[in-house]
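Asker: Below is a structure I'd like to ask you about.
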Amino acid sequence: MRSWRKLLVSVLSIVMISSSVFISTSEYNSVEAATSYSSLKSKINSIMADSRMKNASTSVTVRKASTGEVVYEYYADKAVTPASTMKLLTGAAALETLGENYRFTTTVLSEGKVEKGILKGNLYLRGQGDPTLLKNHLDSFAASLAKNGIKKVNGNLVGDDTWYDKVRLSAGILAEDEPYYYAAPISALTLSPNEDYDAGSVIVTARPSKNGSSTSVTLTPATSVLQVVNNSKTVPKGYKNTLKITRKVGTKKVIISGNAPLGTSGVKEWISVTDPTAYALDVFKKSLAEKGITFSPGSKVVRGKTPENAKALTSRKSMYLKNLMIPFMKLSNNTHAEVLAKEMGKVVHNEGSWKAGLLVMQDYALSIGLDVTKWKFEDASGMSYSNKVTSRELSELLYLVGSEPWYKYYIKSLPIAGSPDRLVGGTLKNRLKAAPAKGNVTAKTGSLNNIKSLAGYAKTKSGETLIFTVLTEKNRSSTIPVIDRIATTIANN
């Protein structure tokens, strides 16, 4: 964080209580528009008359990206749950605090010596938050150890996740969400199943096998930290596919139920693990075995802290943060958001916790001039229904980041309307697919039950860029079609 920002934060923080403080402002329906925007004002007001918007709790702000001038407001100071548009603040704070070239590190260490192919000591796998660690990276670790002559370990395999605290789930995670990837527990030592980098999850696939038999189940990567309970059945072609995969809350039991008709591809689900550290260790031990590295009969797989005298045997650094921003924001990856919060807390306050990380986010908001009394957040991903922000403040954030040196990475990370490439279009891949919105709206989506939001930038027909934030909650029916009409109207201005 720049020195002037540190000074500003230290002064302003004296009068702040905590990141969880939120002071409500009186609601009002205010519409402001310069003469040149009178047509846009009229069109958006017509859209706001839609029953889906009238029945929802809505906050809208439109402003110029060049000057920050507000050209349209509708209950702009109303506090609304932002859902994943909260990631706009998380991403900005991370780029500023950690830097666009920040990388996460994972290291294999030991305090023992190698004699005649035997490592006489413990083998430590130390994680420092990398959400992009894959099975093939663990394979590379194992290959490096084998190349250095290690054939056997007579100590324990130890997972060191002490870089972060022991709190695994962010506030506001519902029991119904806990079995799935988007609510995976957070650990400094974790593993992702593929290059979407949904850390802390396993891809569970159930496919039809032989008529009358259970489905064929595979886990990617293969791991024993989940226990499969297969109650499904393969049925003749033409039957309805009723396959379902879930995990029993609070347990390791993955329940597979329903019918899988022959000739179908079955079902695939990203299931969260209950213990990311144990998951990484389990897969790493398999990687070691595949390279011929064994353990003594008395060796155990445990969790612990790496001793100071341990020496690094091999290590890996993640991609740069500027590159991680793509899967994080395009795919709205919740675990990335929460990892970044804890990482910011660790780097700034030497505490890898949500409390410390959210404080960093608040301080960043203060430093750029946002009114943090109009923000409430108890997580970094937007999963909590208790998060609140106004459309005015969210649009102000989008204006202020435009002058940041890392802004080019920030804007590049946002989904682009209608783009068929999922790492370009992201969560807007299948929305706003027609002109003038297609390719001209770049924005972050947000979605929870009865909550929909969209916040970002729209290039108008005249070539001007407008910032828009549309937040809706308490929806009786989805407001996405109406929100998309607003974005299209702005792009058509």
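Identifiers in this document derive from the order of the structure tokens: chains are assigned A, B, ..., residues are numbered from 1 separately in each chain, and ligands are numbered from 1 in order of occurrence.
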As a ChimeraX atom specification, list the residues of range 47-227 of chain A assigned to alpha helix (DSSP H) by DSSP on the backbone atoms of this structure.
Answerer: /A:47-48,51-54,87-98,135-147
Asker: If you keep C-alpha atoms, can you produce a file of those selected residues as a PDB file, in the first residue's frame?
Answerer:
ATOM      1  CA  ILE A  47     -37.337  -0.310 -17.354  1.00  0.00           C
ATOM      2  CA  MET A  48     -37.521   0.281 -13.604  1.00  0.00           C
ATOM      3  CA  SER A  51     -42.950  -5.432 -11.892  1.00  0.00           C
ATOM      4  CA  ARG A  52     -39.864  -7.563 -11.223  1.00  0.00           C
ATOM      5  CA  MET A  53     -37.922  -4.453 -10.248  1.00  0.00           C
ATOM      6  CA  LYS A  54     -40.807  -2.852  -8.371  1.00  0.00           C
ATOM      7  CA  LYS A  87     -15.329  -9.484  -5.394  1.00  0.00           C
ATOM      8  CA  LEU A  88     -14.813  -6.114  -7.097  1.00  0.00           C
ATOM      9  CA  LEU A  89     -13.500  -4.749  -3.803  1.00  0.00           C
ATOM     10  CA  THR A  90     -11.594  -7.941  -2.965  1.00  0.00           C
ATOM     11  CA  GLY A  91      -9.810  -7.973  -6.313  1.00  0.00           C
ATOM     12  CA  ALA A  92      -8.886  -4.295  -6.119  1.00  0.00           C
ATOM     13  CA  ALA A  93      -7.592  -4.603  -2.558  1.00  0.00           C
ATOM     14  CA  ALA A  94      -5.544  -7.684  -3.471  1.00  0.00           C
ATOM     15  CA  LEU A  95      -3.918  -6.049  -6.495  1.00  0.00           C
ATOM     16  CA  GLU A  96      -3.045  -2.976  -4.424  1.00  0.00           C
ATOM     17  CA  THR A  97      -1.932  -4.811  -1.278  1.00  0.00           C
ATOM     18  CA  LEU A  98      -0.154  -7.836  -2.726  1.00  0.00           C
ATOM     19  CA  LYS A 135      -2.012 -33.160  -8.778  1.00  0.00           C
ATOM     20  CA  ASN A 136       0.621 -32.774 -11.496  1.00  0.00           C
ATOM     21  CA  HIS A 137       2.507 -30.285  -9.327  1.00  0.00           C
ATOM     22  CA  LEU A 138       2.624 -32.866  -6.543  1.00  0.00           C
ATOM     23  CA  ASP A 139       3.816 -35.371  -9.149  1.00  0.00           C
ATOM     24  CA  SER A 140       6.639 -32.973 -10.014  1.00  0.00           C
ATOM     25  CA  PHE A 141       7.577 -32.698  -6.341  1.00  0.00           C
ATOM     26  CA  ALA A 142       7.718 -36.485  -6.098  1.00  0.00           C
ATOM     27  CA  ALA A 143       9.768 -36.762  -9.283  1.00  0.00           C
ATOM     28  CA  SER A 144      12.262 -34.218  -7.953  1.00  0.00           C
ATOM     29  CA  LEU A 145      12.659 -36.139  -4.689  1.00  0.00           C
ATOM     30  CA  ALA A 146      13.181 -39.398  -6.567  1.00  0.00           C
ATOM     31  CA  LYS A 147      15.734 -37.740  -8.842  1.00  0.00           C
TER      32      LYS A 147
END
Asker: What parts of range 8-185 of chain A does DSSP call strand (DSSP E or B)? I'd like the answer as an MDAnalysis selection string.
Answerer: chainID A and resid 57:64 70:74 80 105:110 113:115 118:120 123:127 152:153 157:160 180
Asker: Hey, what's within 12 Å of Asp165 in chain A if we count only C-alpha atoms and toss same-chain stuff fewer than 5 positions away? As a VMD selection string, please?
Answerer: chain A and resid 128 to 129 160 170 185 to 189 339 342 to 343 345 to 346 350 to 357
Asker: So that I have them on file, write out the residues from the current selection with all heavy atoms, as a short mmCIF file (atom, residue, chain, number, x, y, z; two decimals), in the first residue's frame.
Answerer:
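Now in out30.cif:
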data_model
loop_
_atom_site.label_atom_id
_atom_site.label_comp_id
_atom_site.auth_asym_id
_atom_site.auth_seq_id
_atom_site.Cartn_x
_atom_site.Cartn_y
_atom_site.Cartn_z
N GLN A 128 1.36 -22.30 1.53
CA GLN A 128 1.23 -20.89 1.86
C GLN A 128 0.14 -20.24 1.01
O GLN A 128 0.29 -19.16 0.47
CB GLN A 128 2.58 -20.18 1.68
CG GLN A 128 3.62 -20.63 2.72
CD GLN A 128 4.96 -19.95 2.56
OE1 GLN A 128 5.73 -20.29 1.65
NE2 GLN A 128 5.27 -19.01 3.42
N GLY A 129 -0.97 -20.99 0.95
CA GLY A 129 -2.18 -20.41 0.38
C GLY A 129 -2.45 -20.66 -1.09
O GLY A 129 -3.51 -20.25 -1.58
N ASP A 160 1.88 -28.87 6.61
CA ASP A 160 2.00 -27.60 7.35
C ASP A 160 1.07 -26.57 6.72
O ASP A 160 1.33 -26.03 5.66
CB ASP A 160 3.45 -27.12 7.29
CG ASP A 160 3.68 -25.85 8.12
OD1 ASP A 160 2.70 -25.23 8.55
OD2 ASP A 160 4.86 -25.49 8.31
N SER A 170 -16.01 -19.41 5.94
CA SER A 170 -16.31 -18.01 6.18
C SER A 170 -17.70 -17.86 6.76
O SER A 170 -18.55 -18.75 6.65
CB SER A 170 -16.21 -17.22 4.87
OG SER A 170 -17.14 -17.71 3.91
N PRO A 185 -13.96 -25.39 2.17
CA PRO A 185 -13.19 -24.83 3.30
C PRO A 185 -11.86 -24.28 2.84
O PRO A 185 -11.29 -24.73 1.84
CB PRO A 185 -13.02 -26.04 4.23
CG PRO A 185 -13.19 -27.24 3.35
CD PRO A 185 -14.16 -26.84 2.30
N ILE A 186 -11.35 -23.29 3.58
CA ILE A 186 -10.12 -22.60 3.21
C ILE A 186 -8.97 -23.05 4.10
O ILE A 186 -9.07 -23.03 5.32
CB ILE A 186 -10.30 -21.07 3.34
CG1 ILE A 186 -11.50 -20.60 2.52
CG2 ILE A 186 -9.02 -20.35 2.91
CD1 ILE A 186 -11.43 -20.90 1.04
N SER A 187 -7.87 -23.46 3.48
CA SER A 187 -6.67 -23.87 4.18
C SER A 187 -5.46 -23.35 3.43
O SER A 187 -5.52 -23.15 2.21
CB SER A 187 -6.58 -25.41 4.28
OG SER A 187 -5.33 -25.82 4.76
N ALA A 188 -4.37 -23.12 4.14
CA ALA A 188 -3.14 -22.67 3.48
C ALA A 188 -2.52 -23.79 2.64
O ALA A 188 -1.70 -23.54 1.77
CB ALA A 188 -2.13 -22.19 4.52
N LEU A 189 -2.94 -25.03 2.92
CA LEU A 189 -2.50 -26.18 2.13
C LEU A 189 -3.73 -26.83 1.55
O LEU A 189 -4.54 -27.44 2.26
CB LEU A 189 -1.73 -27.17 3.01
CG LEU A 189 -1.23 -28.46 2.32
CD1 LEU A 189 -0.33 -28.12 1.13
CD2 LEU A 189 -0.49 -29.34 3.32
N VAL A 339 -9.21 -16.93 -0.04
CA VAL A 339 -7.76 -17.10 0.09
C VAL A 339 -7.06 -15.74 0.02
O VAL A 339 -6.15 -15.44 0.81
CB VAL A 339 -7.21 -18.05 -1.00
CG1 VAL A 339 -5.70 -17.90 -1.15
CG2 VAL A 339 -7.57 -19.49 -0.68
N LYS A 342 -7.40 -13.87 3.34
CA LYS A 342 -6.48 -14.37 4.37
C LYS A 342 -5.03 -14.02 4.03
O LYS A 342 -4.23 -13.72 4.93
CB LYS A 342 -6.64 -15.88 4.55
CG LYS A 342 -7.95 -16.26 5.24
CD LYS A 342 -7.88 -17.65 5.84
CE LYS A 342 -9.12 -17.95 6.67
NZ LYS A 342 -8.99 -19.19 7.47
N GLU A 343 -4.69 -14.06 2.75
CA GLU A 343 -3.33 -13.73 2.35
C GLU A 343 -3.02 -12.25 2.64
O GLU A 343 -1.92 -11.92 3.11
CB GLU A 343 -3.12 -14.05 0.88
CG GLU A 343 -1.66 -14.02 0.43
CD GLU A 343 -0.83 -15.17 0.98
OE1 GLU A 343 -1.40 -16.10 1.61
OE2 GLU A 343 0.40 -15.15 0.79
N GLY A 345 -4.37 -10.49 4.96
CA GLY A 345 -4.23 -10.41 6.40
C GLY A 345 -2.87 -10.88 6.86
O GLY A 345 -2.25 -10.27 7.75
N LYS A 346 -2.38 -11.96 6.25
CA LYS A 346 -1.07 -12.50 6.61
C LYS A 346 0.05 -11.54 6.24
O LYS A 346 0.97 -11.30 7.02
CB LYS A 346 -0.86 -13.85 5.91
CG LYS A 346 0.44 -14.56 6.27
CD LYS A 346 0.45 -15.01 7.72
CE LYS A 346 1.70 -15.79 8.06
NZ LYS A 346 1.70 -16.26 9.47
N ASN A 350 0.40 -10.08 9.55
CA ASN A 350 0.98 -11.36 9.97
C ASN A 350 -0.06 -12.26 10.62
O ASN A 350 0.22 -13.00 11.56
CB ASN A 350 2.16 -11.15 10.92
CG ASN A 350 3.01 -12.41 11.06
OD1 ASN A 350 3.13 -13.20 10.13
ND2 ASN A 350 3.60 -12.62 12.22
N GLU A 351 -1.27 -12.19 10.12
CA GLU A 351 -2.36 -13.02 10.63
C GLU A 351 -3.23 -13.46 9.47
O GLU A 351 -3.96 -12.65 8.88
CB GLU A 351 -3.20 -12.23 11.64
CG GLU A 351 -4.35 -13.03 12.24
CD GLU A 351 -5.21 -12.22 13.19
OE1 GLU A 351 -4.64 -11.53 14.06
OE2 GLU A 351 -6.45 -12.28 13.07
N GLY A 352 -3.14 -14.76 9.13
CA GLY A 352 -3.92 -15.29 8.01
C GLY A 352 -5.33 -15.63 8.41
O GLY A 352 -5.71 -16.80 8.44
N SER A 353 -6.11 -14.61 8.71
CA SER A 353 -7.48 -14.81 9.18
C SER A 353 -8.43 -13.91 8.40
O SER A 353 -8.01 -12.95 7.75
CB SER A 353 -7.59 -14.47 10.66
OG SER A 353 -7.42 -13.06 10.87
N TRP A 354 -9.72 -14.22 8.50
CA TRP A 354 -10.71 -13.35 7.86
C TRP A 354 -10.74 -12.00 8.55
O TRP A 354 -10.85 -10.97 7.89
CB TRP A 354 -12.10 -14.00 7.89
CG TRP A 354 -12.34 -14.85 6.69
CD1 TRP A 354 -12.49 -14.42 5.40
CD2 TRP A 354 -12.44 -16.27 6.64
NE1 TRP A 354 -12.67 -15.48 4.55
CE2 TRP A 354 -12.66 -16.64 5.28
CE3 TRP A 354 -12.37 -17.28 7.59
CZ2 TRP A 354 -12.80 -17.96 4.87
CZ3 TRP A 354 -12.51 -18.59 7.19
CH2 TRP A 354 -12.73 -18.93 5.84
N LYS A 355 -10.61 -11.97 9.86
CA LYS A 355 -10.64 -10.69 10.59
C LYS A 355 -9.56 -9.75 10.08
O LYS A 355 -9.82 -8.58 9.78
CB LYS A 355 -10.45 -10.94 12.08
CG LYS A 355 -10.44 -9.67 12.92
CD LYS A 355 -10.23 -9.98 14.40
CE LYS A 355 -10.18 -8.72 15.23
NZ LYS A 355 -9.93 -9.00 16.66
N ALA A 356 -8.34 -10.27 9.96
CA ALA A 356 -7.23 -9.44 9.49
C ALA A 356 -7.39 -9.07 8.02
O ALA A 356 -7.11 -7.93 7.62
CB ALA A 356 -5.91 -10.17 9.71
N GLY A 357 -7.83 -10.02 7.21
CA GLY A 357 -7.97 -9.77 5.79
C GLY A 357 -9.06 -8.77 5.47
O GLY A 357 -8.88 -7.88 4.62
#
Asker: Near Ser477 in chain A, counting only C-alpha atoms, which residues have an atom at most 9 Å away, once you skip same-chain residues fewer than 6 positions from it, shown as a PyMOL selection string?
Answerer: chain A and resi 52+55-56+450
Asker: Let's have the selection written as a compact mmCIF listing (two decimals), in the first residue's frame, with all heavy atoms.
Answerer:
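Here's the written file result.txt:
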# COMPACT_ATOMS: atom_id res chain seq x y z
N ARG A 52 -40.94 -6.82 -11.88
CA ARG A 52 -39.86 -7.56 -11.22
C ARG A 52 -38.94 -6.64 -10.45
O ARG A 52 -38.40 -7.01 -9.40
CB ARG A 52 -39.07 -8.36 -12.27
CG ARG A 52 -39.82 -9.57 -12.79
CD ARG A 52 -39.15 -10.16 -14.01
NE ARG A 52 -39.31 -9.30 -15.18
CZ ARG A 52 -38.98 -9.64 -16.42
NH1 ARG A 52 -38.45 -10.82 -16.66
NH2 ARG A 52 -39.16 -8.80 -17.43
N ASN A 55 -41.01 -5.06 -7.38
CA ASN A 55 -41.20 -5.99 -6.27
C ASN A 55 -39.90 -6.33 -5.55
O ASN A 55 -39.91 -7.00 -4.52
CB ASN A 55 -41.85 -7.29 -6.78
CG ASN A 55 -43.29 -7.07 -7.21
OD1 ASN A 55 -43.97 -6.20 -6.68
ND2 ASN A 55 -43.75 -7.85 -8.17
N ALA A 56 -38.79 -5.88 -6.13
CA ALA A 56 -37.48 -6.14 -5.52
C ALA A 56 -37.01 -4.90 -4.77
O ALA A 56 -37.58 -3.82 -4.90
CB ALA A 56 -36.47 -6.51 -6.60
N ASN A 450 -32.67 -15.18 -4.62
CA ASN A 450 -33.45 -13.94 -4.57
C ASN A 450 -32.58 -12.69 -4.57
O ASN A 450 -33.04 -11.62 -4.17
CB ASN A 450 -34.38 -13.94 -3.34
CG ASN A 450 -35.32 -15.11 -3.33
OD1 ASN A 450 -35.87 -15.48 -4.37
ND2 ASN A 450 -35.50 -15.73 -2.17
Asker: Identify which of the residues A:Gly292, A:Leu466, A:Asp50, A:Asn430 lies closest to Gly149 in chain A, counting only C-alpha atoms when measuring atom-to-atom distances.
Answerer: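 Under the stated criterion, the closest residue is A:Gly292.
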Asker: Just the residues within 10 Å of Asn45 in chain A, please, counting only C-alpha atoms, with nothing from its chain fewer than 3 positions along; format it as a list in words.
Answerer: Val31, Ser39, Leu40, Lys41, Ser42, Met48, Ala49, Asp50, Tyr72, Glu73, Tyr74 and Ile486 of chain A
Asker: What is the CA of Val441 in chain A to CA of Ala199 in chain A distance in Å?
Answerer: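 Value for the CA of Val441 in chain A-CA of Ala199 in chain A distance: 29.0 Å.
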